[in-house]
$ cat my_file_24.cif   # mmCIF, C-alpha atoms
data_upload
#
loop_
_atom_site.group_PDB
_atom_site.id
_atom_site.type_symbol
_atom_site.label_atom_id
_atom_site.label_comp_id
_atom_site.auth_asym_id
_atom_site.auth_seq_id
_atom_site.Cartn_x
_atom_site.Cartn_y
_atom_site.Cartn_z
ATOM 1 C CA MET A 1 135.131 121.341 105.108
ATOM 2 C CA PHE A 2 131.377 121.800 104.847
ATOM 3 C CA ASP A 3 128.747 123.887 106.608
ATOM 4 C CA LEU A 4 125.881 122.240 108.456
ATOM 5 C CA PRO A 5 122.467 123.888 108.258
ATOM 6 C CA THR A 6 121.538 125.662 111.487
ATOM 7 C CA ASP A 7 117.850 124.733 111.261
ATOM 8 C CA LEU A 8 118.163 120.944 111.514
ATOM 9 C CA PRO A 9 115.587 119.061 113.591
ATOM 10 C CA ALA A 10 117.270 118.024 116.848
ATOM 11 C CA ASP A 11 116.714 114.314 116.143
ATOM 12 C CA ILE A 12 118.945 114.295 113.080
ATOM 13 C CA VAL A 13 121.855 116.314 114.473
ATOM 14 C CA PRO A 14 123.782 113.109 115.431
ATOM 15 C CA LEU A 15 123.539 112.089 111.748
ATOM 16 C CA SER A 16 124.187 115.544 110.298
ATOM 17 C CA TRP A 17 127.684 114.711 109.046
ATOM 18 C CA LEU A 18 126.072 112.335 106.529
ATOM 19 C CA LEU A 19 123.910 115.007 104.868
ATOM 20 C CA GLY A 20 124.659 115.668 101.220
ATOM 21 C CA VAL A 21 125.371 113.736 98.050
ATOM 22 C CA TRP A 22 128.407 111.472 97.952
ATOM 23 C CA GLU A 23 130.026 109.885 94.892
ATOM 24 C CA GLY A 24 132.941 107.556 94.318
ATOM 25 C CA THR A 25 133.954 104.008 93.589
ATOM 26 C CA GLY A 26 134.281 100.772 95.460
ATOM 27 C CA VAL A 27 135.067 97.101 95.072
ATOM 28 C CA ILE A 28 132.978 93.949 95.244
ATOM 29 C CA ASP A 29 134.668 90.745 96.434
ATOM 30 C CA TYR A 30 132.376 87.923 97.561
ATOM 31 C CA GLU A 31 132.322 84.161 97.117
ATOM 32 C CA ALA A 32 129.099 82.149 97.175
ATOM 33 C CA ASP A 33 127.905 78.849 95.768
ATOM 34 C CA GLY A 34 131.229 78.199 94.026
ATOM 35 C CA THR A 35 131.275 81.570 92.251
ATOM 36 C CA ARG A 36 133.546 84.515 93.018
ATOM 37 C CA PHE A 37 131.928 87.899 92.439
ATOM 38 C CA GLU A 38 134.424 90.732 92.052
ATOM 39 C CA GLY A 39 134.777 94.035 90.311
ATOM 40 C CA GLU A 40 134.794 97.793 90.644
ATOM 41 C CA PHE A 41 131.598 99.800 90.927
ATOM 42 C CA ALA A 42 130.555 103.450 90.871
ATOM 43 C CA HIS A 43 128.341 104.600 93.713
ATOM 44 C CA ARG A 44 126.151 107.644 94.365
ATOM 45 C CA VAL A 45 124.565 108.086 97.796
ATOM 46 C CA SER A 46 122.279 110.863 99.038
ATOM 47 C CA PHE A 47 121.365 111.682 102.628
ATOM 48 C CA SER A 48 118.792 114.472 102.922
ATOM 49 C CA HIS A 49 116.086 115.772 105.223
ATOM 50 C CA ASP A 50 112.699 117.367 104.681
ATOM 51 C CA GLY A 51 112.118 118.787 108.155
ATOM 52 C CA GLY A 52 111.068 115.493 109.747
ATOM 53 C CA ASP A 53 112.846 113.637 112.543
ATOM 54 C CA TYR A 54 114.565 111.249 110.103
ATOM 55 C CA VAL A 55 117.122 111.281 107.295
ATOM 56 C CA ASN A 56 116.093 110.292 103.752
ATOM 57 C CA TYR A 57 118.477 107.852 102.056
ATOM 58 C CA THR A 58 118.911 106.883 98.392
ATOM 59 C CA ALA A 59 121.759 105.036 96.710
ATOM 60 C CA SER A 60 122.528 103.690 93.238
ATOM 61 C CA ALA A 61 125.451 101.581 92.052
ATOM 62 C CA TRP A 62 126.815 100.569 88.636
ATOM 63 C CA LEU A 63 129.338 97.841 87.844
ATOM 64 C CA ILE A 64 132.217 99.346 85.841
ATOM 65 C CA GLY A 65 133.224 97.266 82.824
ATOM 66 C CA GLU A 66 136.625 97.004 81.171
ATOM 67 C CA ASP A 67 135.606 99.532 78.508
ATOM 68 C CA ASP A 68 134.206 101.858 81.220
ATOM 69 C CA THR A 69 130.632 100.757 80.529
ATOM 70 C CA ARG A 70 128.285 100.876 83.502
ATOM 71 C CA THR A 71 125.840 98.090 84.283
ATOM 72 C CA PRO A 72 123.201 98.992 86.904
ATOM 73 C CA LEU A 73 123.380 97.106 90.187
ATOM 74 C CA VAL A 74 120.873 97.428 93.014
ATOM 75 C CA ALA A 75 119.348 100.806 93.913
ATOM 76 C CA GLU A 76 118.181 101.543 97.464
ATOM 77 C CA THR A 77 115.897 103.945 99.258
ATOM 78 C CA GLY A 78 115.119 104.290 102.932
ATOM 79 C CA TYR A 79 115.015 106.217 106.185
ATOM 80 C CA TRP A 80 117.482 106.596 109.053
ATOM 81 C CA ARG A 81 116.281 107.685 112.504
ATOM 82 C CA LEU A 82 117.263 107.705 116.148
ATOM 83 C CA ALA A 83 115.637 104.841 118.040
ATOM 84 C CA ARG A 84 113.043 106.140 120.490
ATOM 85 C CA PRO A 85 109.555 105.094 121.563
ATOM 86 C CA ALA A 86 106.774 106.755 119.553
ATOM 87 C CA GLY A 87 104.606 108.982 121.731
ATOM 88 C CA THR A 88 101.041 110.222 121.455
ATOM 89 C CA ASP A 89 102.411 113.398 119.826
ATOM 90 C CA ASP A 90 103.933 111.382 116.945
ATOM 91 C CA PRO A 91 101.794 110.567 113.889
ATOM 92 C CA GLY A 92 101.264 106.971 112.722
ATOM 93 C CA PRO A 93 101.106 104.209 112.086
ATOM 94 C CA ALA A 94 100.133 104.682 108.439
ATOM 95 C CA LEU A 95 98.224 107.975 107.971
ATOM 96 C CA LEU A 96 96.937 108.224 111.540
ATOM 97 C CA PRO A 97 97.501 111.710 112.963
ATOM 98 C CA ALA A 98 99.061 112.333 116.369
ATOM 99 C CA VAL A 99 96.650 111.852 119.282
ATOM 100 C CA THR A 100 97.970 114.924 121.088
ATOM 101 C CA ALA A 101 99.545 118.055 119.642
ATOM 102 C CA ARG A 102 103.278 118.470 120.208
ATOM 103 C CA GLU A 103 103.712 121.528 122.423
ATOM 104 C CA SER A 104 107.124 122.402 120.962
ATOM 105 C CA ALA A 105 109.799 120.959 118.708
ATOM 106 C CA ARG A 106 112.030 118.298 120.182
ATOM 107 C CA THR A 107 115.139 119.862 121.682
ATOM 108 C CA VAL A 108 118.811 119.038 121.980
ATOM 109 C CA ASP A 109 118.096 118.019 125.596
ATOM 110 C CA ASP A 110 115.422 115.563 124.363
ATOM 111 C CA VAL A 111 117.962 114.006 122.018
ATOM 112 C CA GLU A 112 120.750 114.019 124.600
ATOM 113 C CA ALA A 113 118.511 111.928 126.863
ATOM 114 C CA LEU A 114 118.740 109.181 124.207
ATOM 115 C CA ARG A 115 122.548 108.955 124.427
ATOM 116 C CA THR A 116 123.689 105.436 125.351
ATOM 117 C CA GLU A 117 126.169 104.464 128.064
ATOM 118 C CA GLU A 118 128.740 104.000 125.286
ATOM 119 C CA GLY A 119 128.296 107.643 124.298
ATOM 120 C CA GLY A 120 126.417 107.036 121.055
ATOM 121 C CA PHE A 121 122.851 106.995 119.795
ATOM 122 C CA ASP A 122 120.845 103.894 118.915
ATOM 123 C CA LEU A 123 119.588 103.880 115.314
ATOM 124 C CA GLU A 124 116.830 102.274 113.290
ATOM 125 C CA VAL A 125 117.436 102.155 109.535
ATOM 126 C CA ALA A 126 114.889 100.846 107.024
ATOM 127 C CA ILE A 127 116.186 100.187 103.493
ATOM 128 C CA VAL A 128 114.304 98.835 100.467
ATOM 129 C CA HIS A 129 116.255 97.463 97.488
ATOM 130 C CA SER A 130 115.070 97.752 93.885
ATOM 131 C CA ASP A 131 114.860 93.930 93.768
ATOM 132 C CA GLY A 132 112.164 94.016 96.481
ATOM 133 C CA ILE A 133 114.333 93.018 99.460
ATOM 134 C CA CYS A 134 113.598 95.055 102.606
ATOM 135 C CA GLU A 135 116.111 95.390 105.447
ATOM 136 C CA LEU A 136 115.624 96.682 108.987
ATOM 137 C CA TYR A 137 118.953 97.550 110.566
ATOM 138 C CA LEU A 138 119.591 98.348 114.214
ATOM 139 C CA GLY A 139 122.828 99.957 115.244
ATOM 140 C CA GLN A 140 124.570 102.896 116.782
ATOM 141 C CA ALA A 141 126.065 106.223 115.752
ATOM 142 C CA ARG A 142 129.134 107.226 117.754
ATOM 143 C CA GLY A 143 130.439 110.502 116.422
ATOM 144 C CA PRO A 144 131.609 110.039 112.823
ATOM 145 C CA ARG A 145 131.122 106.245 112.836
ATOM 146 C CA ILE A 146 127.973 104.190 112.357
ATOM 147 C CA ASP A 147 127.668 100.428 112.827
ATOM 148 C CA LEU A 148 124.508 98.604 111.703
ATOM 149 C CA ALA A 149 123.335 94.982 111.657
ATOM 150 C CA THR A 150 120.109 93.570 110.252
ATOM 151 C CA ASP A 151 117.350 92.788 112.718
ATOM 152 C CA ALA A 152 115.022 91.573 109.952
ATOM 153 C CA ILE A 153 115.084 90.938 106.211
ATOM 154 C CA VAL A 154 111.926 90.491 104.145
ATOM 155 C CA ARG A 155 112.245 89.310 100.564
ATOM 156 C CA PRO A 156 109.815 88.438 97.774
ATOM 157 C CA ALA A 157 109.269 84.759 96.933
ATOM 158 C CA GLY A 158 111.348 85.094 93.764
ATOM 159 C CA ALA A 159 114.319 86.888 95.348
ATOM 160 C CA LYS A 160 117.704 85.234 95.723
ATOM 161 C CA PRO A 161 118.624 83.924 99.216
ATOM 162 C CA TYR A 162 119.759 86.749 101.498
ATOM 163 C CA ALA A 163 119.927 86.005 105.219
ATOM 164 C CA SER A 164 121.652 88.875 107.044
ATOM 165 C CA ALA A 165 123.923 91.879 106.640
ATOM 166 C CA SER A 166 125.970 94.459 108.501
ATOM 167 C CA ARG A 167 127.169 97.875 107.404
ATOM 168 C CA MET A 168 129.749 100.310 108.716
ATOM 169 C CA TYR A 169 129.999 103.994 107.748
ATOM 170 C CA GLY A 170 132.745 106.393 108.757
ATOM 171 C CA TYR A 171 133.818 109.955 108.051
ATOM 172 C CA VAL A 172 137.582 109.891 107.422
ATOM 173 C CA ASP A 173 139.663 112.752 105.995
ATOM 174 C CA GLY A 174 136.624 114.385 104.383
ATOM 175 C CA HIS A 175 135.419 111.154 102.775
ATOM 176 C CA LEU A 176 132.555 108.774 103.489
ATOM 177 C CA LEU A 177 133.947 105.256 103.823
ATOM 178 C CA TRP A 178 131.622 102.287 104.080
ATOM 179 C CA ALA A 179 131.771 98.503 104.185
ATOM 180 C CA TRP A 180 128.898 96.055 103.681
ATOM 181 C CA ASP A 181 129.044 92.415 104.816
ATOM 182 C CA ILE A 182 126.341 89.974 103.712
ATOM 183 C CA ALA A 183 125.189 86.377 104.174
ATOM 184 C CA ALA A 184 123.733 85.505 100.761
ATOM 185 C CA LEU A 185 123.313 82.617 98.330
ATOM 186 C CA GLY A 186 123.941 80.134 101.141
ATOM 187 C CA SER A 187 127.249 81.649 102.284
ATOM 188 C CA PRO A 188 127.867 82.870 105.867
ATOM 189 C CA LEU A 189 128.216 86.534 106.771
ATOM 190 C CA SER A 190 131.426 87.871 105.220
ATOM 191 C CA ALA A 191 132.885 90.920 103.484
ATOM 192 C CA HIS A 192 131.047 91.782 100.284
ATOM 193 C CA ALA A 193 131.716 95.381 99.221
ATOM 194 C CA SER A 194 133.349 98.607 100.340
ATOM 195 C CA ALA A 195 133.702 102.103 98.912
ATOM 196 C CA ARG A 196 135.262 105.521 99.407
ATOM 197 C CA LEU A 197 133.021 108.438 98.471
ATOM 198 C CA ALA A 198 133.648 112.178 98.228
ATOM 199 C CA ARG A 199 131.065 114.871 98.861
ATOM 200 C CA ALA A 200 129.615 115.899 95.487
ATOM 201 C CA GLU A 201 126.897 118.299 96.686
#
$ encode --input "my_file_24.cif" --output "structure tokens"
Amino acid sequence: MFDLPTDLPADIVPLSWLLGVWEGTGVIDYEADGTRFEGEFAHRVSFSHDGGDYVNYTASAWLIGEDDTRTPLVAETGYWRLARPAGTDDPGPALLPAVTARESARTVDDVEALRTEEGGFDLEVAIVHSDGICELYLGQARGPRIDLATDAIVRPAGAKPYASASRMYGYVDGHLLWAWDIAALGSPLSAHASARLARAE
């Protein structure tokens, strides 16, 4: 059981169950280009907010060796937000200020108007990997479950082939469970990694 802050911006309330730091382990099992990648990894994920209408995301993972050594894997940082058109009272792009002043904070009714016919909320998630790969995911939050699929992937010229991905997050018995499917190194989209994390903070 955990307590949600009462002063959350309305736009992040549908994602509020994610807030906090999560830690645990998972498994990698993926075959590509004649090589099978498998092993156990440690994972630390943080979802936080700074008063804006988005959730800050960071994650780090380490491959666990036979002698309990930890080899760093990819680290990630990004932003999760409800999908909605930007208005004149929203700042951006870049450092451009809002054209008009927002008369009041967005309300629960404003957010409820974004609810889909399926009963969830459309999401936009931007994630940058430490190897330079950038992912834009589109998806939906429906209660304690989130499903995402890449809409675009941008990668540096020297990065390894990485074509698409999907992720699923769920809150089950007090734990954050997630699964990540990828199409990489010439292989089609298939299961790649999954983990079970407990709330650490």
$ residues_around --input "my_file_24.cif" --residues "Asn56 in chain A" --least-positions-apart "3" --cutoff "8 Å" --atoms "only C-alpha atoms" --output "ChimeraX atom specification"
/A:46-50,77-80
$ closest_atom_pairs --input "my_file_24.cif" --of "range 86-182 of chain A" --to "range 6-12 of chain A" --cutoff "9 Å" --atoms "all atoms listed in the file" --output "CSV"
residue,atom,partner,partner_atom,distance
A:Ala105,CA,A:Pro9,CA,8.0
A:Arg106,CA,A:Ala10,CA,6.2
A:Thr107,CA,A:Ala10,CA,5.6
A:Val108,CA,A:Ala10,CA,5.5
A:Asp109,CA,A:Ala10,CA,8.8
A:Asp110,CA,A:Ala10,CA,8.1
A:Val111,CA,A:Asp11,CA,6.0
$ write_last_selection --input "my_file_24.cif" --atoms "C-alpha atoms" --output "CSV table (one decimal), in the coordinates of the input"
chain,number,residue,atom,x,y,z
A,105,ALA,CA,109.8,121.0,118.7
A,106,ARG,CA,112.0,118.3,120.2
A,107,THR,CA,115.1,119.9,121.7
A,108,VAL,CA,118.8,119.0,122.0
A,109,ASP,CA,118.1,118.0,125.6
A,110,ASP,CA,115.4,115.6,124.4
A,111,VAL,CA,118.0,114.0,122.0
$ residues_around --input "my_file_24.cif" --residues "range 43-45 of chain A" --least-positions-apart "5" --cutoff "7 Å" --atoms "all atoms listed in the file" --output "ChimeraX atom specification"
/A:21-25,58-62
$ write_last_selection --input "my_file_24.cif" --atoms "C-alpha atoms" --output "JSON list (two decimals), in the coordinates of the input"
[["chain", "number", "residue", "atom", "x", "y", "z"],
["A", 21, "VAL", "CA", 125.37, 113.74, 98.05],
["A", 22, "TRP", "CA", 128.41, 111.47, 97.95],
["A", 23, "GLU", "CA", 130.03, 109.88, 94.89],
["A", 24, "GLY", "CA", 132.94, 107.56, 94.32],
["A", 25, "THR", "CA", 133.95, 104.01, 93.59],
["A", 58, "THR", "CA", 118.91, 106.88, 98.39],
["A", 59, "ALA", "CA", 121.76, 105.04, 96.71],
["A", 60, "SER", "CA", 122.53, 103.69, 93.24],
["A", 61, "ALA", "CA", 125.45, 101.58, 92.05],
["A", 62, "TRP", "CA", 126.82, 100.57, 88.64]]
$ resolve_selection --input "my_file_24.cif" --expression "the PyMOL selection byres ((chain A and resi 35-39) around 10)" --output "ChimeraX atom specification"
/A:26-34,40-41,63-66,192-193
$ closest_residue --input "my_file_24.cif" --among "A:Ala75, A:Ala113, A:Leu18, A:Ala83" --to "Trp178 in chain A" --atoms "all atoms listed in the file"
A:Leu18
$ atom_distance --input "my_file_24.cif" --atom1 "CA of Ala165 in chain A" --atom2 "CA of Leu197 in chain A"
20.6 Å
$ atom_distance --input "my_file_24.cif" --atom1 "CA of Ser190 in chain A" --atom2 "CA of Ser164 in chain A"
10.0 Å
$ atom_distance --input "my_file_24.cif" --atom1 "CA of Glu112 in chain A" --atom2 "CA of Pro91 in chain A"
22.0 Å
$ resolve_selection --input "my_file_24.cif" --expression "the PyMOL selection byres ((chain A and resi 133-147) around 7)" --output "PyMOL selection string"
chain A and resi 119-129+131-132+148-156+167-171
$ resolve_selection --input "my_file_24.cif" --expression "the PyMOL selection byres ((chain A and resi 162) around 6)" --output "PyMOL selection string"
chain A and resi 161+163+184
